[in-house]
Amino acid sequence: MFDTLYSQIGAAVGVVVVTFAFLKGDEPERVGAGIYALGSLAALLVQNDIQLYGPQWGLLIVELVVLAAYAGVAWKSRRSWPIWAGALQSVIVVSLVLPAIDVRPPIAAFYAVGNAASYGILLVLALGVLQAWRDRRALGFE
């Protein structure tokens, strides 16, 4: 996973956004950051880099659990960013379902979709943290 400079930069961006969410976010942002961090680590553990074609069932299960967690945060929160994070996560889930229905995209296509959606999730999480931080400062709580 961390064998190229691009992947190391992406991981660094993820760590910065998750740290920012834990430090400056409210409860929904902290939960979302935890979901992202745990989901990323679990996906690293279960992905099969050798299998170039066919479904990766373990990774699909992890991504479905992450999608359910974002749906739970969106259900309980009044923020808009969990809905966007859930929508982007559903793109990742659909890209993992494609090999199961016998559409055979190369693994590089899945990586491109997963990376783009993950950067989108990080972006909406960071925007949610900034909004929560701004709202707290406007109310004089910080």
# chains A, B, ... in the order shown; residues from 1 in each chain; ligands from 1

$ residues_around --residues "range 91-107 of chain A" --least-positions-apart "2" --cutoff "12 Å" --atoms "only C-alpha atoms" --output "ChimeraX atom specification"
/A:43,47-68,84-89,109-121

$ closest_atom_pairs --of "range 35-64 of chain A" --to "range 2-18 of chain A" --cutoff "12 Å" --atoms "only C-alpha atoms" --output "CSV"
residue,atom,partner,partner_atom,distance
A:Ile35,CA,A:Val18,CA,9.8
A:Tyr36,CA,A:Val18,CA,7.8
A:Ala37,CA,A:Val18,CA,7.2
A:Leu38,CA,A:Val18,CA,10.8
A:Gly39,CA,A:Gly14,CA,11.9
A:Ser40,CA,A:Gly14,CA,9.5
A:Leu41,CA,A:Ala11,CA,10.9
A:Leu44,CA,A:Phe2,CA,10.4

$ residues_around --residues "range 136-142 of chain A" --least-positions-apart "4" --cutoff "10 Å" --atoms "only C-alpha atoms" --output "short mmCIF file (atom, residue, chain, number, x, y, z; two decimals) with N, CA and C atoms, in the first residue's frame"
data_model
loop_
_atom_site.label_atom_id
_atom_site.label_comp_id
_atom_site.auth_asym_id
_atom_site.auth_seq_id
_atom_site.Cartn_x
_atom_site.Cartn_y
_atom_site.Cartn_z
N LYS A 24 -10.54 19.02 16.62
CA LYS A 24 -11.42 20.19 16.50
C LYS A 24 -12.88 19.86 16.20
N GLY A 25 -13.20 18.61 15.93
CA GLY A 25 -14.57 18.27 15.56
C GLY A 25 -15.45 17.99 16.76
N ASP A 26 -16.74 17.99 16.50
CA ASP A 26 -17.71 17.58 17.50
C ASP A 26 -17.84 16.06 17.46
N LEU A 130 -14.56 21.79 9.82
CA LEU A 130 -14.44 23.26 9.75
C LEU A 130 -15.76 23.94 10.09
N GLN A 131 -16.86 23.39 9.61
CA GLN A 131 -18.16 23.98 9.91
C GLN A 131 -18.49 23.86 11.40
N ALA A 132 -18.23 22.70 12.00
CA ALA A 132 -18.50 22.52 13.43
C ALA A 132 -17.62 23.44 14.26
#

$ closest_residue --among "A:Ala126, A:Trp81, A:Gly72, A:Asp135" --to "Phe20 in chain A" --atoms "only C-alpha atoms"
A:Ala126

$ residues_around --residues "Gly128 in chain A" --least-positions-apart "6" --cutoff "10 Å" --atoms "only C-alpha atoms" --output "JSON, numbers by chain"
{"A": [21, 25, 26, 28, 29, 32, 79, 80, 81, 82, 122, 134]}

$ atom_distance --atom1 "CA of Val46 in chain A" --atom2 "CA of Leu125 in chain A"
24.3 Å

$ atom_distance --atom1 "CA of Leu45 in chain A" --atom2 "CA of Arg30 in chain A"
22.6 Å

$ atom_distance --atom1 "CA of Ala33 in chain A" --atom2 "CA of Thr19 in chain A"
8.0 Å

$ decode --residues "range 35-66 of chain A" --atoms "N, CA, C and O atoms" --output "PDB file, in the first residue's frame"
ATOM      1  N   ILE A  35     -14.444   6.049  12.028  1.00  0.00           N
ATOM      2  CA  ILE A  35     -14.929   5.123  10.999  1.00  0.00           C
ATOM      3  C   ILE A  35     -13.946   5.082   9.846  1.00  0.00           C
ATOM      4  O   ILE A  35     -13.602   4.003   9.348  1.00  0.00           O
ATOM      5  N   TYR A  36     -13.504   6.249   9.398  1.00  0.00           N
ATOM      6  CA  TYR A  36     -12.578   6.297   8.269  1.00  0.00           C
ATOM      7  C   TYR A  36     -11.263   5.591   8.608  1.00  0.00           C
ATOM      8  O   TYR A  36     -10.757   4.797   7.825  1.00  0.00           O
ATOM      9  N   ALA A  37     -10.722   5.885   9.782  1.00  0.00           N
ATOM     10  CA  ALA A  37      -9.433   5.300  10.162  1.00  0.00           C
ATOM     11  C   ALA A  37      -9.543   3.783  10.320  1.00  0.00           C
ATOM     12  O   ALA A  37      -8.710   3.034   9.788  1.00  0.00           O
ATOM     13  N   LEU A  38     -10.549   3.314  11.042  1.00  0.00           N
ATOM     14  CA  LEU A  38     -10.706   1.870  11.235  1.00  0.00           C
ATOM     15  C   LEU A  38     -11.037   1.154   9.931  1.00  0.00           C
ATOM     16  O   LEU A  38     -10.548   0.049   9.679  1.00  0.00           O
ATOM     17  N   GLY A  39     -11.852   1.792   9.094  1.00  0.00           N
ATOM     18  CA  GLY A  39     -12.176   1.200   7.800  1.00  0.00           C
ATOM     19  C   GLY A  39     -10.972   1.093   6.894  1.00  0.00           C
ATOM     20  O   GLY A  39     -10.784   0.088   6.194  1.00  0.00           O
ATOM     21  N   SER A  40     -10.127   2.112   6.911  1.00  0.00           N
ATOM     22  CA  SER A  40      -8.908   2.077   6.093  1.00  0.00           C
ATOM     23  C   SER A  40      -7.957   0.986   6.566  1.00  0.00           C
ATOM     24  O   SER A  40      -7.393   0.244   5.747  1.00  0.00           O
ATOM     25  N   LEU A  41      -7.789   0.876   7.870  1.00  0.00           N
ATOM     26  CA  LEU A  41      -6.904  -0.166   8.395  1.00  0.00           C
ATOM     27  C   LEU A  41      -7.461  -1.567   8.137  1.00  0.00           C
ATOM     28  O   LEU A  41      -6.714  -2.481   7.770  1.00  0.00           O
ATOM     29  N   ALA A  42      -8.760  -1.733   8.314  1.00  0.00           N
ATOM     30  CA  ALA A  42      -9.365  -3.043   8.059  1.00  0.00           C
ATOM     31  C   ALA A  42      -9.276  -3.410   6.581  1.00  0.00           C
ATOM     32  O   ALA A  42      -9.021  -4.569   6.237  1.00  0.00           O
ATOM     33  N   ALA A  43      -9.458  -2.434   5.700  1.00  0.00           N
ATOM     34  CA  ALA A  43      -9.350  -2.705   4.267  1.00  0.00           C
ATOM     35  C   ALA A  43      -7.930  -3.110   3.893  1.00  0.00           C
ATOM     36  O   ALA A  43      -7.729  -3.992   3.050  1.00  0.00           O
ATOM     37  N   LEU A  44      -6.947  -2.484   4.522  1.00  0.00           N
ATOM     38  CA  LEU A  44      -5.554  -2.876   4.274  1.00  0.00           C
ATOM     39  C   LEU A  44      -5.292  -4.304   4.717  1.00  0.00           C
ATOM     40  O   LEU A  44      -4.524  -5.033   4.078  1.00  0.00           O
ATOM     41  N   LEU A  45      -5.921  -4.717   5.798  1.00  0.00           N
ATOM     42  CA  LEU A  45      -5.688  -6.061   6.313  1.00  0.00           C
ATOM     43  C   LEU A  45      -6.336  -7.152   5.468  1.00  0.00           C
ATOM     44  O   LEU A  45      -5.780  -8.242   5.340  1.00  0.00           O
ATOM     45  N   VAL A  46      -7.499  -6.878   4.900  1.00  0.00           N
ATOM     46  CA  VAL A  46      -8.236  -7.942   4.215  1.00  0.00           C
ATOM     47  C   VAL A  46      -8.091  -7.930   2.698  1.00  0.00           C
ATOM     48  O   VAL A  46      -8.481  -8.893   2.050  1.00  0.00           O
ATOM     49  N   GLN A  47      -7.533  -6.865   2.123  1.00  0.00           N
ATOM     50  CA  GLN A  47      -7.441  -6.842   0.658  1.00  0.00           C
ATOM     51  C   GLN A  47      -6.427  -7.865   0.173  1.00  0.00           C
ATOM     52  O   GLN A  47      -5.431  -8.145   0.822  1.00  0.00           O
ATOM     53  N   ASN A  48      -6.731  -8.429  -0.979  1.00  0.00           N
ATOM     54  CA  ASN A  48      -5.879  -9.445  -1.591  1.00  0.00           C
ATOM     55  C   ASN A  48      -5.253  -8.845  -2.833  1.00  0.00           C
ATOM     56  O   ASN A  48      -5.894  -8.756  -3.880  1.00  0.00           O
ATOM     57  N   ASP A  49      -4.004  -8.419  -2.726  1.00  0.00           N
ATOM     58  CA  ASP A  49      -3.332  -7.757  -3.841  1.00  0.00           C
ATOM     59  C   ASP A  49      -2.979  -8.717  -4.960  1.00  0.00           C
ATOM     60  O   ASP A  49      -2.732  -8.297  -6.084  1.00  0.00           O
ATOM     61  N   ILE A  50      -2.948  -9.997  -4.676  1.00  0.00           N
ATOM     62  CA  ILE A  50      -2.577 -10.984  -5.687  1.00  0.00           C
ATOM     63  C   ILE A  50      -3.754 -11.263  -6.620  1.00  0.00           C
ATOM     64  O   ILE A  50      -3.577 -11.510  -7.801  1.00  0.00           O
ATOM     65  N   GLN A  51      -4.960 -11.200  -6.106  1.00  0.00           N
ATOM     66  CA  GLN A  51      -6.150 -11.496  -6.897  1.00  0.00           C
ATOM     67  C   GLN A  51      -6.483 -10.293  -7.777  1.00  0.00           C
ATOM     68  O   GLN A  51      -6.976  -9.279  -7.316  1.00  0.00           O
ATOM     69  N   LEU A  52      -6.208 -10.414  -9.083  1.00  0.00           N
ATOM     70  CA  LEU A  52      -6.420  -9.297  -9.989  1.00  0.00           C
ATOM     71  C   LEU A  52      -7.843  -9.222 -10.517  1.00  0.00           C
ATOM     72  O   LEU A  52      -8.317  -8.165 -10.902  1.00  0.00           O
ATOM     73  N   TYR A  53      -8.544 -10.339 -10.594  1.00  0.00           N
ATOM     74  CA  TYR A  53      -9.913 -10.354 -11.095  1.00  0.00           C
ATOM     75  C   TYR A  53     -10.785 -11.123 -10.108  1.00  0.00           C
ATOM     76  O   TYR A  53     -10.303 -11.929  -9.347  1.00  0.00           O
ATOM     77  N   GLY A  54     -12.057 -10.847 -10.171  1.00  0.00           N
ATOM     78  CA  GLY A  54     -12.989 -11.540  -9.303  1.00  0.00           C
ATOM     79  C   GLY A  54     -13.290 -10.746  -8.047  1.00  0.00           C
ATOM     80  O   GLY A  54     -12.594  -9.789  -7.710  1.00  0.00           O
ATOM     81  N   PRO A  55     -14.352 -11.129  -7.362  1.00  0.00           N
ATOM     82  CA  PRO A  55     -14.757 -10.381  -6.167  1.00  0.00           C
ATOM     83  C   PRO A  55     -13.809 -10.603  -4.997  1.00  0.00           C
ATOM     84  O   PRO A  55     -13.251 -11.676  -4.819  1.00  0.00           O
ATOM     85  N   GLN A  56     -13.639  -9.573  -4.219  1.00  0.00           N
ATOM     86  CA  GLN A  56     -12.887  -9.658  -2.970  1.00  0.00           C
ATOM     87  C   GLN A  56     -13.914  -9.541  -1.843  1.00  0.00           C
ATOM     88  O   GLN A  56     -14.268  -8.447  -1.424  1.00  0.00           O
ATOM     89  N   TRP A  57     -14.361 -10.681  -1.384  1.00  0.00           N
ATOM     90  CA  TRP A  57     -15.473 -10.728  -0.443  1.00  0.00           C
ATOM     91  C   TRP A  57     -15.136 -10.085   0.891  1.00  0.00           C
ATOM     92  O   TRP A  57     -15.979  -9.405   1.483  1.00  0.00           O
ATOM     93  N   GLY A  58     -13.934 -10.280   1.386  1.00  0.00           N
ATOM     94  CA  GLY A  58     -13.559  -9.673   2.668  1.00  0.00           C
ATOM     95  C   GLY A  58     -13.577  -8.158   2.602  1.00  0.00           C
ATOM     96  O   GLY A  58     -14.075  -7.478   3.514  1.00  0.00           O
ATOM     97  N   LEU A  59     -13.058  -7.624   1.511  1.00  0.00           N
ATOM     98  CA  LEU A  59     -13.051  -6.176   1.335  1.00  0.00           C
ATOM     99  C   LEU A  59     -14.470  -5.633   1.166  1.00  0.00           C
ATOM    100  O   LEU A  59     -14.798  -4.565   1.692  1.00  0.00           O
ATOM    101  N   LEU A  60     -15.312  -6.378   0.479  1.00  0.00           N
ATOM    102  CA  LEU A  60     -16.708  -5.967   0.323  1.00  0.00           C
ATOM    103  C   LEU A  60     -17.410  -5.905   1.671  1.00  0.00           C
ATOM    104  O   LEU A  60     -18.157  -4.958   1.944  1.00  0.00           O
ATOM    105  N   ILE A  61     -17.162  -6.866   2.528  1.00  0.00           N
ATOM    106  CA  ILE A  61     -17.785  -6.871   3.857  1.00  0.00           C
ATOM    107  C   ILE A  61     -17.317  -5.669   4.678  1.00  0.00           C
ATOM    108  O   ILE A  61     -18.120  -4.989   5.326  1.00  0.00           O
ATOM    109  N   VAL A  62     -16.015  -5.385   4.630  1.00  0.00           N
ATOM    110  CA  VAL A  62     -15.483  -4.228   5.365  1.00  0.00           C
ATOM    111  C   VAL A  62     -16.124  -2.944   4.858  1.00  0.00           C
ATOM    112  O   VAL A  62     -16.566  -2.092   5.651  1.00  0.00           O
ATOM    113  N   GLU A  63     -16.207  -2.784   3.550  1.00  0.00           N
ATOM    114  CA  GLU A  63     -16.769  -1.554   2.985  1.00  0.00           C
ATOM    115  C   GLU A  63     -18.266  -1.439   3.261  1.00  0.00           C
ATOM    116  O   GLU A  63     -18.777  -0.334   3.442  1.00  0.00           O
ATOM    117  N   LEU A  64     -18.979  -2.558   3.312  1.00  0.00           N
ATOM    118  CA  LEU A  64     -20.397  -2.521   3.686  1.00  0.00           C
ATOM    119  C   LEU A  64     -20.579  -2.099   5.140  1.00  0.00           C
ATOM    120  O   LEU A  64     -21.508  -1.359   5.467  1.00  0.00           O
ATOM    121  N   VAL A  65     -19.704  -2.568   6.019  1.00  0.00           N
ATOM    122  CA  VAL A  65     -19.774  -2.161   7.430  1.00  0.00           C
ATOM    123  C   VAL A  65     -19.494  -0.667   7.562  1.00  0.00           C
ATOM    124  O   VAL A  65     -20.176   0.042   8.321  1.00  0.00           O
ATOM    125  N   VAL A  66     -18.519  -0.168   6.806  1.00  0.00           N
ATOM    126  CA  VAL A  66     -18.217   1.272   6.833  1.00  0.00           C
ATOM    127  C   VAL A  66     -19.410   2.064   6.305  1.00  0.00           C
ATOM    128  O   VAL A  66     -19.773   3.108   6.861  1.00  0.00           O
TER     129      VAL A  66
END
